[in-house]
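Q: This is the content of start.csv (CSV, C-alpha atoms and all ligand atoms):
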chain,number,residue,atom,x,y,z
A,1,MET,CA,5.0,-3.2,-23.8
A,2,ALA,CA,2.8,-2.8,-20.8
A,3,VAL,CA,3.0,-2.7,-17.0
A,4,LEU,CA,0.8,-5.3,-15.3
A,5,VAL,CA,-0.8,-3.9,-12.1
A,6,THR,CA,-2.2,-6.6,-9.9
A,7,GLY,CA,-4.7,-5.3,-7.3
A,8,GLY,CA,-5.1,-2.2,-9.4
A,9,ALA,CA,-8.7,-1.6,-8.3
A,10,GLY,CA,-7.5,-1.2,-4.7
A,11,TYR,CA,-6.6,1.9,-2.8
A,12,ILE,CA,-2.9,2.3,-3.6
A,13,GLY,CA,-3.2,0.4,-6.9
A,14,SER,CA,-5.9,2.7,-8.4
A,15,HIS,CA,-3.9,5.9,-7.5
A,16,THR,CA,-0.8,4.3,-9.1
A,17,CYS,CA,-2.7,3.4,-12.3
A,18,VAL,CA,-3.7,7.1,-12.5
A,19,GLU,CA,-0.1,8.3,-12.2
A,20,LEU,CA,1.2,5.7,-14.6
A,21,LEU,CA,-1.5,6.6,-17.3
A,22,ALA,CA,-0.8,10.3,-16.8
A,23,ARG,CA,2.8,9.6,-17.8
A,24,GLY,CA,1.9,7.8,-20.9
A,25,GLU,CA,2.5,4.3,-19.6
A,26,GLN,CA,0.5,1.4,-21.1
A,27,ILE,CA,-1.1,-0.6,-18.2
A,28,ILE,CA,-3.0,-3.8,-17.8
A,29,VAL,CA,-4.9,-4.2,-14.6
A,30,ALA,CA,-5.9,-7.4,-12.8
A,31,ASP,CA,-8.1,-7.6,-9.7
A,32,ASN,CA,-10.7,-10.0,-8.2
A,33,PHE,CA,-12.5,-7.2,-6.3
A,34,TYR,CA,-12.1,-9.1,-3.0
A,35,ASN,CA,-11.5,-5.7,-1.3
A,36,SER,CA,-12.6,-3.2,-4.0
A,37,LYS,CA,-15.4,-2.3,-6.4
A,38,PRO,CA,-15.6,-2.6,-10.2
A,39,ARG,CA,-16.6,1.1,-10.5
A,40,VAL,CA,-13.0,2.1,-9.5
A,41,ILE,CA,-11.8,0.9,-12.9
A,42,ASP,CA,-14.3,3.3,-14.6
A,43,MET,CA,-13.2,6.1,-12.3
A,44,VAL,CA,-9.5,5.6,-13.2
A,45,LYS,CA,-10.5,5.8,-16.9
A,46,GLU,CA,-12.6,8.9,-16.2
A,47,ILE,CA,-9.9,10.7,-14.3
A,48,THR,CA,-7.2,10.0,-16.9
A,49,GLY,CA,-9.4,10.0,-20.1
A,50,LYS,CA,-7.4,6.8,-21.0
A,51,ASP,CA,-8.4,3.3,-21.7
A,52,PHE,CA,-6.7,0.1,-20.6
A,53,LYS,CA,-7.4,-3.7,-20.5
A,54,PHE,CA,-8.9,-5.1,-17.3
A,55,TYR,CA,-9.0,-8.7,-16.2
A,56,LYS,CA,-11.2,-9.9,-13.3
A,57,ALA,CA,-8.8,-12.5,-12.2
A,58,ASP,CA,-7.5,-14.1,-9.0
A,59,ILE,CA,-3.7,-13.9,-9.0
A,60,CYS,CA,-3.6,-17.3,-7.1
A,61,ASP,CA,-5.2,-18.9,-10.2
A,62,ARG,CA,-2.2,-19.9,-12.3
A,63,SER,CA,-4.2,-20.4,-15.6
A,64,SER,CA,-5.6,-16.8,-15.3
A,65,VAL,CA,-2.2,-15.3,-14.8
A,66,GLU,CA,-0.6,-17.4,-17.6
A,67,ASN,CA,-3.5,-16.2,-19.8
A,68,ILE,CA,-2.8,-12.6,-19.1
A,69,PHE,CA,0.9,-13.1,-20.0
A,70,ARG,CA,-0.1,-15.0,-23.2
A,71,GLU,CA,-2.4,-12.3,-24.4
A,72,ASN,CA,-0.2,-9.3,-23.7
A,73,ASP,CA,3.4,-8.1,-24.0
A,74,ILE,CA,4.2,-7.4,-20.3
A,75,GLU,CA,7.4,-5.6,-19.5
A,76,ALA,CA,7.0,-5.2,-15.7
A,77,VAL,CA,4.7,-6.1,-12.9
A,78,ILE,CA,3.6,-4.1,-9.9
A,79,HIS,CA,2.1,-6.5,-7.4
A,80,PHE,CA,-0.4,-4.8,-5.1
A,81,ALA,CA,-2.9,-7.7,-4.8
A,82,GLY,CA,-3.0,-9.1,-1.3
A,83,TYR,CA,-4.9,-9.1,2.0
A,84,LYS,CA,-3.8,-6.4,4.4
A,85,ALA,CA,-5.8,-6.5,7.7
A,86,VAL,CA,-3.4,-7.3,10.6
A,87,GLY,CA,-6.2,-8.4,13.0
A,88,GLU,CA,-7.8,-10.7,10.4
A,89,SER,CA,-4.4,-12.3,9.6
A,90,VAL,CA,-4.2,-13.3,13.3
A,91,LYS,CA,-7.6,-15.0,13.1
A,92,GLU,CA,-7.2,-16.5,9.6
A,93,PRO,CA,-3.4,-17.0,9.1
A,94,LEU,CA,-3.8,-19.7,6.4
A,95,MET,CA,-6.0,-17.4,4.3
A,96,TYR,CA,-3.2,-14.7,4.5
A,97,TYR,CA,-0.3,-17.1,3.8
A,98,LYS,CA,-2.2,-18.6,0.9
A,99,ASN,CA,-3.3,-15.4,-0.8
A,100,ASN,CA,-0.2,-13.2,-0.2
A,101,ILE,CA,2.5,-15.8,-0.8
A,102,TYR,CA,0.9,-18.0,-3.4
A,103,SER,CA,-0.1,-15.1,-5.6
A,104,SER,CA,3.5,-13.8,-5.5
A,105,VAL,CA,5.0,-17.2,-6.4
A,106,ILE,CA,2.6,-17.8,-9.2
A,107,LEU,CA,3.4,-14.3,-10.6
A,108,LEU,CA,7.1,-14.7,-10.3
A,109,GLU,CA,7.0,-18.2,-11.9
A,110,THR,CA,5.0,-16.9,-14.8
A,111,MET,CA,7.3,-13.9,-15.2
A,112,LYS,CA,10.3,-16.1,-15.3
A,113,LYS,CA,8.8,-18.4,-17.9
A,114,SER,CA,7.8,-15.3,-20.0
A,115,ARG,CA,11.2,-13.6,-19.6
A,116,CYS,CA,9.6,-10.7,-17.8
A,117,LYS,CA,12.1,-9.7,-15.1
A,118,GLN,CA,11.0,-6.4,-13.6
A,119,PHE,CA,9.0,-6.6,-10.4
A,120,VAL,CA,7.8,-4.0,-8.0
A,121,PHE,CA,6.4,-5.5,-4.7
A,122,SER,CA,4.1,-3.8,-2.2
A,123,SER,CA,6.0,-4.5,1.0
A,124,SER,CA,5.3,-2.7,4.2
A,125,ALA,CA,7.0,-1.0,7.2
A,126,THR,CA,5.5,-3.9,9.1
A,127,VAL,CA,8.7,-5.9,8.2
A,128,TYR,CA,10.6,-3.9,10.8
A,129,GLY,CA,8.3,-5.4,13.5
A,130,ILE,CA,8.7,-3.2,16.6
A,131,PRO,CA,11.6,-1.0,15.6
A,132,LYS,CA,14.5,-0.6,18.0
A,133,SER,CA,14.6,3.2,17.3
A,134,VAL,CA,13.4,5.8,14.9
A,135,PRO,CA,13.9,6.9,12.1
A,136,ILE,CA,14.0,3.5,10.5
A,137,THR,CA,16.6,2.8,7.7
A,138,GLU,CA,16.4,-0.1,5.3
A,139,ASP,CA,19.2,-1.9,7.1
A,140,PHE,CA,17.3,-2.2,10.4
A,141,PRO,CA,16.7,-5.8,11.6
A,142,LEU,CA,13.6,-7.4,10.1
A,143,GLY,CA,11.0,-9.4,11.9
A,144,SER,CA,7.3,-10.0,12.0
A,145,ILE,CA,4.8,-9.7,14.8
A,146,ASN,CA,1.7,-11.0,13.0
A,147,PRO,CA,0.9,-13.4,10.1
A,148,TYR,CA,0.3,-10.4,7.8
A,149,GLY,CA,3.8,-9.1,8.5
A,150,SER,CA,5.2,-12.6,8.0
A,151,THR,CA,3.7,-12.8,4.5
A,152,LYS,CA,5.5,-9.6,3.5
A,153,LEU,CA,8.8,-10.8,5.0
A,154,ILE,CA,8.5,-14.1,3.3
A,155,VAL,CA,7.8,-12.6,-0.1
A,156,GLU,CA,10.7,-10.2,0.3
A,157,ASN,CA,12.9,-13.3,1.1
A,158,ILE,CA,11.5,-15.1,-2.0
A,159,CYS,CA,12.5,-12.1,-4.1
A,160,ARG,CA,16.0,-11.9,-2.6
A,161,ASP,CA,16.5,-15.7,-3.2
A,162,LEU,CA,15.1,-15.4,-6.7
A,163,TYR,CA,17.5,-12.6,-7.5
A,164,ASP,CA,20.5,-14.6,-6.1
A,165,SER,CA,19.6,-17.4,-8.5
A,166,GLU,CA,18.6,-15.2,-11.5
A,167,PRO,CA,20.8,-12.1,-11.4
A,168,ASP,CA,19.0,-10.5,-14.4
A,169,PHE,CA,15.9,-9.9,-12.3
A,170,ARG,CA,15.2,-6.3,-11.3
A,171,ILE,CA,13.2,-6.1,-8.1
A,172,ALA,CA,12.1,-3.1,-6.0
A,173,LEU,CA,10.6,-4.0,-2.5
A,174,LEU,CA,8.7,-0.9,-1.5
A,175,ARG,CA,8.2,-0.6,2.2
A,176,TYR,CA,5.2,1.7,2.6
A,177,PHE,CA,4.6,3.5,5.9
A,178,ASN,CA,1.0,4.8,6.5
A,179,PRO,CA,-0.7,5.9,3.3
A,180,ILE,CA,-3.8,8.2,3.8
A,181,GLY,CA,-5.6,10.8,1.6
A,182,ALA,CA,-7.3,10.4,-1.7
A,183,HIS,CA,-7.1,11.6,-5.3
A,184,GLU,CA,-7.8,15.4,-5.7
A,185,SER,CA,-10.8,14.6,-8.0
A,186,GLY,CA,-12.5,12.9,-5.1
A,187,LYS,CA,-13.4,10.0,-7.4
A,188,ILE,CA,-11.1,7.4,-5.9
A,189,GLY,CA,-9.9,6.8,-2.3
A,190,ASP,CA,-9.6,4.3,0.5
A,191,ASP,CA,-12.9,2.4,0.3
A,192,PRO,CA,-12.4,-1.1,1.9
A,193,ASN,CA,-15.1,-3.7,1.8
A,194,GLY,CA,-16.2,-4.5,5.4
A,195,VAL,CA,-15.0,-3.0,8.7
A,196,PRO,CA,-11.8,-0.9,8.4
A,197,ASN,CA,-8.9,-1.3,10.8
A,198,ASN,CA,-6.7,1.7,10.1
A,199,LEU,CA,-6.9,5.1,11.8
A,200,MET,CA,-8.0,7.3,8.9
A,201,PRO,CA,-10.7,5.0,7.5
A,202,ILE,CA,-12.1,4.8,11.1
A,203,ILE,CA,-12.0,8.6,11.5
A,204,MET,CA,-14.0,8.7,8.2
A,205,ARG,CA,-16.6,6.4,9.8
A,206,VAL,CA,-16.9,8.7,12.8
A,207,ALA,CA,-17.0,11.8,10.6
A,208,SER,CA,-19.9,10.3,8.6
A,209,GLY,CA,-21.8,9.2,11.6
A,210,LYS,CA,-21.4,5.5,11.0
A,211,LEU,CA,-19.5,5.2,14.3
A,212,ASP,CA,-20.1,7.2,17.5
A,213,LYS,CA,-16.5,7.6,18.7
A,214,LEU,CA,-12.9,6.9,17.8
A,215,SER,CA,-11.0,4.7,20.3
A,216,VAL,CA,-7.5,6.2,20.8
A,217,TYR,CA,-5.4,3.1,21.5
A,218,GLY,CA,-3.3,4.2,24.5
A,219,ASN,CA,-2.1,7.6,25.8
A,220,ASP,CA,0.7,6.3,27.9
A,221,TYR,CA,3.3,5.8,25.3
A,222,PRO,CA,6.7,7.5,25.7
A,223,THR,CA,5.8,10.1,23.1
A,224,PRO,CA,5.1,13.9,23.7
A,225,ASP,CA,1.3,13.5,24.0
A,226,GLY,CA,1.3,9.8,25.0
A,227,THR,CA,-0.3,8.5,21.7
A,228,GLY,CA,1.3,6.5,19.0
A,229,ILE,CA,3.4,8.2,16.3
A,230,ARG,CA,3.3,7.1,12.6
A,231,ASP,CA,4.6,8.3,9.3
A,232,TYR,CA,1.5,9.2,7.3
A,233,LEU,CA,2.0,9.9,3.6
A,234,HIS,CA,-0.4,11.0,0.8
A,235,VAL,CA,-1.4,8.1,-1.4
A,236,THR,CA,-0.6,10.2,-4.5
A,237,ASP,CA,2.9,10.7,-3.3
A,238,LEU,CA,3.1,6.9,-2.7
A,239,ALA,CA,1.7,6.2,-6.2
A,240,LEU,CA,4.5,8.4,-7.7
A,241,GLY,CA,7.0,6.2,-5.8
A,242,HIS,CA,5.9,3.3,-8.0
A,243,VAL,CA,6.4,5.4,-11.1
A,244,ARG,CA,10.0,6.0,-10.0
A,245,ALA,CA,10.4,2.4,-9.0
A,246,ILE,CA,9.4,1.3,-12.5
A,247,GLU,CA,12.0,3.7,-13.9
A,248,LYS,CA,14.6,2.2,-11.6
A,249,VAL,CA,14.0,-1.4,-12.4
A,250,ARG,CA,14.0,-0.5,-16.2
A,251,LYS,CA,17.6,0.8,-15.7
A,252,GLU,CA,19.2,-1.6,-13.2
A,253,VAL,CA,19.3,-5.2,-12.1
A,254,GLY,CA,19.1,-5.9,-8.4
A,255,CYS,CA,16.7,-6.6,-5.6
A,256,LYS,CA,16.6,-3.7,-3.3
A,257,ALA,CA,14.2,-2.4,-0.5
A,258,PHE,CA,13.2,1.2,-0.2
A,259,ASN,CA,11.3,3.0,2.5
A,260,LEU,CA,8.4,5.1,1.2
A,261,GLY,CA,7.5,7.6,3.9
A,262,THR,CA,7.8,11.3,4.7
A,263,GLY,CA,10.4,10.9,7.5
A,264,LYS,CA,8.1,12.8,9.8
A,265,GLY,CA,5.9,11.3,12.5
A,266,TYR,CA,2.5,12.5,13.7
A,267,SER,CA,0.7,11.3,16.8
A,268,VAL,CA,-2.9,10.0,16.8
A,269,LEU,CA,-4.1,13.2,18.6
A,270,GLU,CA,-2.2,15.4,16.0
A,271,ILE,CA,-4.0,13.6,13.2
A,272,ILE,CA,-7.4,14.0,14.9
A,273,ASN,CA,-6.7,17.7,15.5
A,274,ALA,CA,-5.6,18.3,12.0
A,275,PHE,CA,-8.6,16.5,10.6
A,276,GLU,CA,-11.0,18.5,12.7
A,277,GLU,CA,-9.4,21.8,11.9
A,278,VAL,CA,-9.1,21.3,8.1
A,279,ASN,CA,-12.6,20.0,7.7
A,280,GLY,CA,-14.4,21.9,10.4
A,281,LEU,CA,-15.7,18.7,12.0
A,282,LYS,CA,-15.6,17.3,15.5
A,283,ILE,CA,-14.3,13.7,16.0
A,284,PRO,CA,-15.5,12.5,19.4
A,285,ASP,CA,-12.9,10.2,20.9
A,286,PHE,CA,-12.0,8.3,24.1
A,287,ILE,CA,-8.8,6.8,25.4
A,288,ALA,CA,-8.9,3.0,25.1
A,289,PRO,CA,-6.2,0.5,26.2
A,290,ARG,CA,-3.2,0.1,23.9
A,291,ARG,CA,-3.7,-2.2,20.9
A,292,HIS,CA,-1.7,-5.4,21.1
A,293,GLY,CA,1.4,-5.3,18.9
A,294,ASP,CA,1.5,-1.5,18.3
A,295,ALA,CA,4.8,0.3,18.5
A,296,ALA,CA,5.0,3.7,20.2
A,297,GLU,CA,6.8,5.3,17.2
A,298,CYS,CA,7.3,4.2,13.7
A,299,TYR,CA,8.6,6.6,11.0
A,300,SER,CA,11.0,6.3,8.1
A,301,ASP,CA,14.3,7.6,7.1
A,302,PRO,CA,13.3,8.0,3.4
A,303,SER,CA,16.8,9.2,2.1
A,304,LEU,CA,17.5,6.0,0.2
A,305,ALA,CA,14.4,6.5,-2.0
A,306,LYS,CA,15.4,10.2,-2.4
A,307,ASN,CA,18.9,9.3,-3.5
A,308,GLU,CA,18.2,6.3,-5.7
A,309,LEU,CA,14.6,6.7,-6.9
A,310,ASN,CA,14.7,10.5,-7.0
A,311,TRP,CA,11.5,10.4,-5.0
A,312,GLU,CA,10.3,12.3,-2.0
A,313,THR,CA,6.9,13.3,-0.6
A,314,LYS,CA,5.4,16.7,-1.4
A,315,ILE,CA,1.9,16.7,0.0
A,316,GLY,CA,1.4,17.8,3.7
A,317,LEU,CA,-0.8,16.6,6.5
A,318,ASN,CA,-3.6,19.2,5.9
A,319,GLU,CA,-4.1,18.1,2.3
A,320,MET,CA,-4.0,14.4,3.4
A,321,CYS,CA,-6.9,15.2,5.9
A,322,ARG,CA,-8.8,17.4,3.4
A,323,SER,CA,-8.7,14.9,0.5
A,324,SER,CA,-9.6,11.9,2.8
A,325,TRP,CA,-12.8,13.6,3.8
A,326,ASN,CA,-13.5,15.0,0.3
A,327,PHE,CA,-13.6,11.4,-1.0
A,328,ALA,CA,-15.3,9.8,2.0
A,329,LYS,CA,-18.2,12.3,2.1
A,330,SER,CA,-18.9,11.6,-1.5
A,331,GLN,CA,-19.4,7.9,-0.6
A,332,ILE,CA,-22.0,8.5,2.1
A,333,ASN,CA,-25.4,7.2,0.9
B,401,LIG,P1,-6.5,-2.8,-1.1
B,401,LIG,O1,-7.1,-4.0,-0.3
B,401,LIG,O2,-7.3,-1.6,-1.2
B,401,LIG,O3,-6.0,-3.3,-2.5
B,401,LIG,C1,-5.6,-4.6,-2.8
B,401,LIG,C2,-6.4,-5.1,-4.0
B,401,LIG,O4,-6.0,-6.4,-4.3
B,401,LIG,C3,-7.9,-5.1,-3.8
B,401,LIG,O5,-8.5,-4.4,-4.9
B,401,LIG,C4,-8.2,-6.6,-3.8
B,401,LIG,O6,-9.5,-6.8,-4.4
B,401,LIG,C5,-7.1,-7.2,-4.7
B,401,LIG,N1,-6.8,-8.6,-4.4
B,401,LIG,C6,-6.5,-9.2,-3.2
B,401,LIG,N2,-6.2,-10.5,-3.4
B,401,LIG,C7,-6.3,-10.7,-4.7
B,401,LIG,C8,-6.0,-11.8,-5.6
B,401,LIG,N3,-5.7,-13.0,-5.1
B,401,LIG,N4,-6.2,-11.7,-6.9
B,401,LIG,C9,-6.6,-10.5,-7.5
B,401,LIG,N5,-6.8,-9.4,-6.7
B,401,LIG,C10,-6.6,-9.5,-5.4
B,401,LIG,O7,-5.1,-2.5,-0.3
B,401,LIG,P2,-4.1,-1.3,-0.5
B,401,LIG,O8,-4.2,-0.5,0.7
B,401,LIG,O9,-4.3,-0.7,-1.8
B,401,LIG,O10,-2.7,-2.1,-0.5
B,401,LIG,C11,-2.1,-2.6,-1.6
B,401,LIG,C12,-0.9,-3.4,-1.2
B,401,LIG,O11,0.0,-2.6,-0.4
B,401,LIG,C13,-1.2,-4.7,-0.4
B,401,LIG,O12,-0.4,-5.7,-0.8
B,401,LIG,C14,-0.9,-4.2,1.1
B,401,LIG,O13,-0.5,-5.3,1.9
B,401,LIG,C15,0.2,-3.3,0.8
B,401,LIG,N6,0.4,-2.3,1.9
B,401,LIG,C16,-0.7,-1.5,2.2
B,401,LIG,C17,-0.6,-0.5,3.2
B,401,LIG,C18,-1.7,0.3,3.6
B,401,LIG,O14,-1.7,0.9,4.7
B,401,LIG,N7,-2.8,0.5,2.8
B,401,LIG,C19,0.7,-0.3,3.9
B,401,LIG,C20,1.7,-1.2,3.5
B,401,LIG,C21,1.6,-2.1,2.5
B,402,LIG,C1,-2.1,4.1,13.3
B,402,LIG,C2,-2.1,4.6,14.7
B,402,LIG,C3,-2.9,3.1,16.3
B,402,LIG,C4,-7.0,2.9,14.9
B,402,LIG,C5,-1.0,-0.8,10.0
B,402,LIG,C6,-0.3,-2.1,9.6
B,402,LIG,C7,0.9,-1.8,8.7
B,402,LIG,C8,0.5,-1.0,7.5
B,402,LIG,C9,-0.3,0.2,7.8
B,402,LIG,C10,-0.1,-2.6,5.8
B,402,LIG,C11,-1.6,3.6,15.7
B,402,LIG,C12,-3.8,4.2,16.2
B,402,LIG,C13,-5.7,3.2,15.0
B,402,LIG,C14,-7.9,3.3,15.9
B,402,LIG,C15,-6.1,4.4,17.1
B,402,LIG,N1,-0.4,-1.8,6.7
B,402,LIG,N2,-5.2,3.9,16.1
B,402,LIG,N3,-7.4,4.0,16.9
B,402,LIG,O1,-0.9,0.1,13.0
B,402,LIG,O2,0.6,1.9,12.1
B,402,LIG,O3,-0.1,0.1,10.6
B,402,LIG,O4,-1.4,-0.2,8.7
B,402,LIG,O5,1.0,-3.0,5.6
B,402,LIG,O6,1.4,-3.0,8.4
B,402,LIG,O7,0.2,-2.7,10.9
B,402,LIG,O8,-1.7,1.8,11.2
B,402,LIG,O9,-3.8,3.0,10.9
B,402,LIG,O10,-3.9,0.9,12.2
B,402,LIG,O11,-2.8,2.8,13.2
B,402,LIG,O12,-5.7,5.0,18.0
B,402,LIG,O13,-9.1,3.0,15.8
B,402,LIG,O14,-3.4,4.9,15.0
B,402,LIG,O15,-2.7,2.6,17.6
B,402,LIG,O16,-0.9,4.4,16.7
B,402,LIG,P1,-0.5,0.9,11.9
B,402,LIG,P2,-3.1,2.1,11.9
I'd like the structure from this file rewritten - as structure tokens, please.

A:
Amino acid sequence: MAVLVTGGAGYIGSHTCVELLARGEQIIVADNFYNSKPRVIDMVKEITGKDFKFYKADICDRSSVENIFRENDIEAVIHFAGYKAVGESVKEPLMYYKNNIYSSVILLETMKKSRCKQFVFSSSATVYGIPKSVPITEDFPLGSINPYGSTKLIVENICRDLYDSEPDFRIALLRYFNPIGAHESGKIGDDPNGVPNNLMPIIMRVASGKLDKLSVYGNDYPTPDGTGIRDYLHVTDLALGHVRAIEKVRKEVGCKAFNLGTGKGYSVLEIINAFEEVNGLKIPDFIAPRRHGDAAECYSDPSLAKNELNWETKIGLNEMCRSSWNFAKSQIN
């Protein structure tokens, strides 16, 4: 029996494949390389010394998905495949609704037909919209403030409705906060195709000289240094959250959401300072206007994941900054 990992060539997916393989899980990976590169698959094999089946497939293509299920004995699915750029989702909403929602519906339909009932979904802290306070618990009100967030909320609702109608489904909705960092080997990391939108990939571009300066989006928030506060967690810790979620859905029916974060917030300036200090580099920056739709503070209460998944983060900010640069500098050509 194998775990199907969709989007397994991507940033979080590739790190999760490594941790699953390291624990003796059999995996099958599917990705269309929309936002990743084929060499990531070789890197995962190199890091783990293990082989697995890979399908270059679009999860929106029903016949490809049905074929994967026909050719393999799939016990559970971890669904990472999706588009994730908030700004792009505002400009191209239909593209986001189609890819993120349709792929999930096709997968769940095929799973139902194949009697595969264990599903782990990549949700996001974005489903909390602008949170009313921090730290955020899973029972906070949900809402979306952009099309990307709407796709995550809609898929969560699809999963809840599916579970209500089919109570033998076992679904974990993992609400990630802000993953950064890279594998300790330096062989895999965050390597998006095109222009990045998130803070750490942009810091990497400044550090490698591809960008002159970092825009700090606002220093007039009601936070100690005026800049936005987020819950950054190491991608390897996040990957281990998926290992625990698979163990959970193997044991129990249900459809439950879990925050995956550290429970601690850092400001933009704290991230820049930690990155500079750990790597001995200077990141030139300037204060730019606030970015539309940004919350002042967003960090998790991760106690539900600790209690029910037996998961908590272990890796600190310095290692997040060190490993991010260790990977990024190896990509400079
Ligand atoms: P990523 O872009 O690195 O990985 C996604 C992978 O899915 C890519 O390899 C891409 O090629 C693939 N893909 C996209 N559409 C596909 C399709 N239709 N068929 C097959 N493959 C497809 O992104 P990531 O950072 O690894 O994020 C993984 C998931 O986690 C996404 O669903 C994202 O929305 C969610 N998420 C990410 C973050 C974050 O900050 N990175 C935070 C919260 C949630
Ligand atoms: C972090 C902080 C910015 C860039 C987004 C999505 C969320 C999730 C994670 C997928 C904020 C500041 C950023 C820059 C800056 N993704 N910043 N200059 O906005 O918390 O979350 O990614 O689900 O859904 O919304 O992450 O990395 O973009 O920003 O000052 O050039 O860095 O204002 O305070 P965010 P981010």

Q: Can I get the residues close to ligand LIG 402 (chain B) as a list of chain:residue names, where close means within 6 Å and we count all atoms listed in the file?

A: A:Lys84, A:Val86, A:Ser124, A:Thr126, A:Asn178, A:Asn197, A:Asn198, A:Leu199, A:Ile202, A:Leu214, A:Ser215, A:Val216, A:Tyr217, A:Gly228, A:Ile229, A:Arg230, A:Val268, A:Arg291, A:Asp294

Q: A:Arg322, A:Arg250, A:Arg290, A:Lys117: which is nearest A:Glu277, counting only C-alpha atoms?

A: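 Going through A:Arg322, A:Arg250, A:Arg290, A:Lys117 one by one, the smallest distance to A:Glu277 is for A:Arg322.
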
Q: Here is a test: counting only C-alpha atoms, which residue of A:Phe54, A:Tyr128, A:Phe119, A:Tyr83 is nearest to A:His242?

A: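 Ranking A:Phe54, A:Tyr128, A:Phe119, A:Tyr83 by distance to A:His242, first place goes to A:Phe119.
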
Q: Grab the atom CA of A:Ser122 to atom CA of A:Lys306 distance for me, in Å with one decimal place.

A: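 Separation of atom CA of A:Ser122 and atom CA of A:Lys306: 18.0 Å.
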
Q: Measure the distance from atom CA of A:Phe286 to atom CA of A:Lys91 in Å and round it to one decimal.

A: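 Spanning atom CA of A:Phe286 to atom CA of A:Lys91 is a straight-line distance of 26.1 Å.
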
Q: Considering all atoms listed in the file, return as number ranges by chain whatever protein or nucleic-acid residues lie within 8 Å of A:Ser144, sequence-local ones (same chain, fewer than 2 positions apart) excluded.

A: A: 126-129, 142, 146-147, 149-150, 153

Q: I'd like the interatomic distance between atom CA of A:Ile188 and atom CA of A:His79, to a tenth of an Å.

A: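 One can read the atom CA of A:Ile188 to atom CA of A:His79 distance as 19.2 Å.
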
Q: Between A:Val249, A:Leu238, A:Cys321, A:Leu108, which has the minimum distance to A:Val278 (counting only C-alpha atoms)?

A: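 So, comparing all the options, the nearest one is A:Cys321.
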
Q: My list of candidates is A:Asp42, A:Ala125, A:His183, A:His234. Which is closest to A:Ile145 when distances are computed with all atoms listed in the file?

A: A:Ala125

Q: Which residue out of A:Cys159, A:Val206, A:Leu304, A:Val40 has the minimum interatomic distance to ligand LIG 401 (chain B) when all atoms listed in the file are used?

A: A:Val40

Q: So which residues are near ligand LIG 401 (chain B), meaning at most 8 Å away with only C-alpha atoms and all ligand atoms counted, given back as a PyMOL selection string?

A: chain A and resi 6-14+30-37+56-61+79-85+99-100+103+121-126+148+152+175-180+190-192+198

Q: Take the residues from that selection and write them out as a short mmCIF file (atom, residue, chain, number, x, y, z; two decimals), in the coordinates of the input, keeping C-alpha atoms.

A:
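So the final result, stored in again00.cif, reads:
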data_model
loop_
_atom_site.label_atom_id
_atom_site.label_comp_id
_atom_site.auth_asym_id
_atom_site.auth_seq_id
_atom_site.Cartn_x
_atom_site.Cartn_y
_atom_site.Cartn_z
CA THR A 6 -2.20 -6.60 -9.90
CA GLY A 7 -4.70 -5.30 -7.30
CA GLY A 8 -5.10 -2.20 -9.40
CA ALA A 9 -8.70 -1.60 -8.30
CA GLY A 10 -7.50 -1.20 -4.70
CA TYR A 11 -6.60 1.90 -2.80
CA ILE A 12 -2.90 2.30 -3.60
CA GLY A 13 -3.20 0.40 -6.90
CA SER A 14 -5.90 2.70 -8.40
CA ALA A 30 -5.90 -7.40 -12.80
CA ASP A 31 -8.10 -7.60 -9.70
CA ASN A 32 -10.70 -10.00 -8.20
CA PHE A 33 -12.50 -7.20 -6.30
CA TYR A 34 -12.10 -9.10 -3.00
CA ASN A 35 -11.50 -5.70 -1.30
CA SER A 36 -12.60 -3.20 -4.00
CA LYS A 37 -15.40 -2.30 -6.40
CA LYS A 56 -11.20 -9.90 -13.30
CA ALA A 57 -8.80 -12.50 -12.20
CA ASP A 58 -7.50 -14.10 -9.00
CA ILE A 59 -3.70 -13.90 -9.00
CA CYS A 60 -3.60 -17.30 -7.10
CA ASP A 61 -5.20 -18.90 -10.20
CA HIS A 79 2.10 -6.50 -7.40
CA PHE A 80 -0.40 -4.80 -5.10
CA ALA A 81 -2.90 -7.70 -4.80
CA GLY A 82 -3.00 -9.10 -1.30
CA TYR A 83 -4.90 -9.10 2.00
CA LYS A 84 -3.80 -6.40 4.40
CA ALA A 85 -5.80 -6.50 7.70
CA ASN A 99 -3.30 -15.40 -0.80
CA ASN A 100 -0.20 -13.20 -0.20
CA SER A 103 -0.10 -15.10 -5.60
CA PHE A 121 6.40 -5.50 -4.70
CA SER A 122 4.10 -3.80 -2.20
CA SER A 123 6.00 -4.50 1.00
CA SER A 124 5.30 -2.70 4.20
CA ALA A 125 7.00 -1.00 7.20
CA THR A 126 5.50 -3.90 9.10
CA TYR A 148 0.30 -10.40 7.80
CA LYS A 152 5.50 -9.60 3.50
CA ARG A 175 8.20 -0.60 2.20
CA TYR A 176 5.20 1.70 2.60
CA PHE A 177 4.60 3.50 5.90
CA ASN A 178 1.00 4.80 6.50
CA PRO A 179 -0.70 5.90 3.30
CA ILE A 180 -3.80 8.20 3.80
CA ASP A 190 -9.60 4.30 0.50
CA ASP A 191 -12.90 2.40 0.30
CA PRO A 192 -12.40 -1.10 1.90
CA ASN A 198 -6.70 1.70 10.10
#

Q: Compare A:Met200, A:Asp212, A:Val243, A:Leu162 by their minimum atom-to-atom distance to A:Val77, counting only C-alpha atoms, and give me the closest one.

A: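 The answer is A:Val243, which sits nearest to A:Val77.
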
Q: List as a list of chain:residue names the protein and nucleic acid residues near A:Ile74, meaning an atom at most 12 Å away when only C-alpha atoms are counted, but skip any in the same chain fewer than 5 places from it.

A: A:Met1, A:Ala2, A:Val3, A:Leu4, A:Val5, A:Glu25, A:Gln26, A:Ile27, A:Ile28, A:Val29, A:Val65, A:Glu66, A:Asn67, A:Ile68, A:Phe69, A:Leu107, A:Thr110, A:Met111, A:Lys112, A:Ser114, A:Arg115, A:Cys116, A:Lys117, A:Gln118, A:Phe119
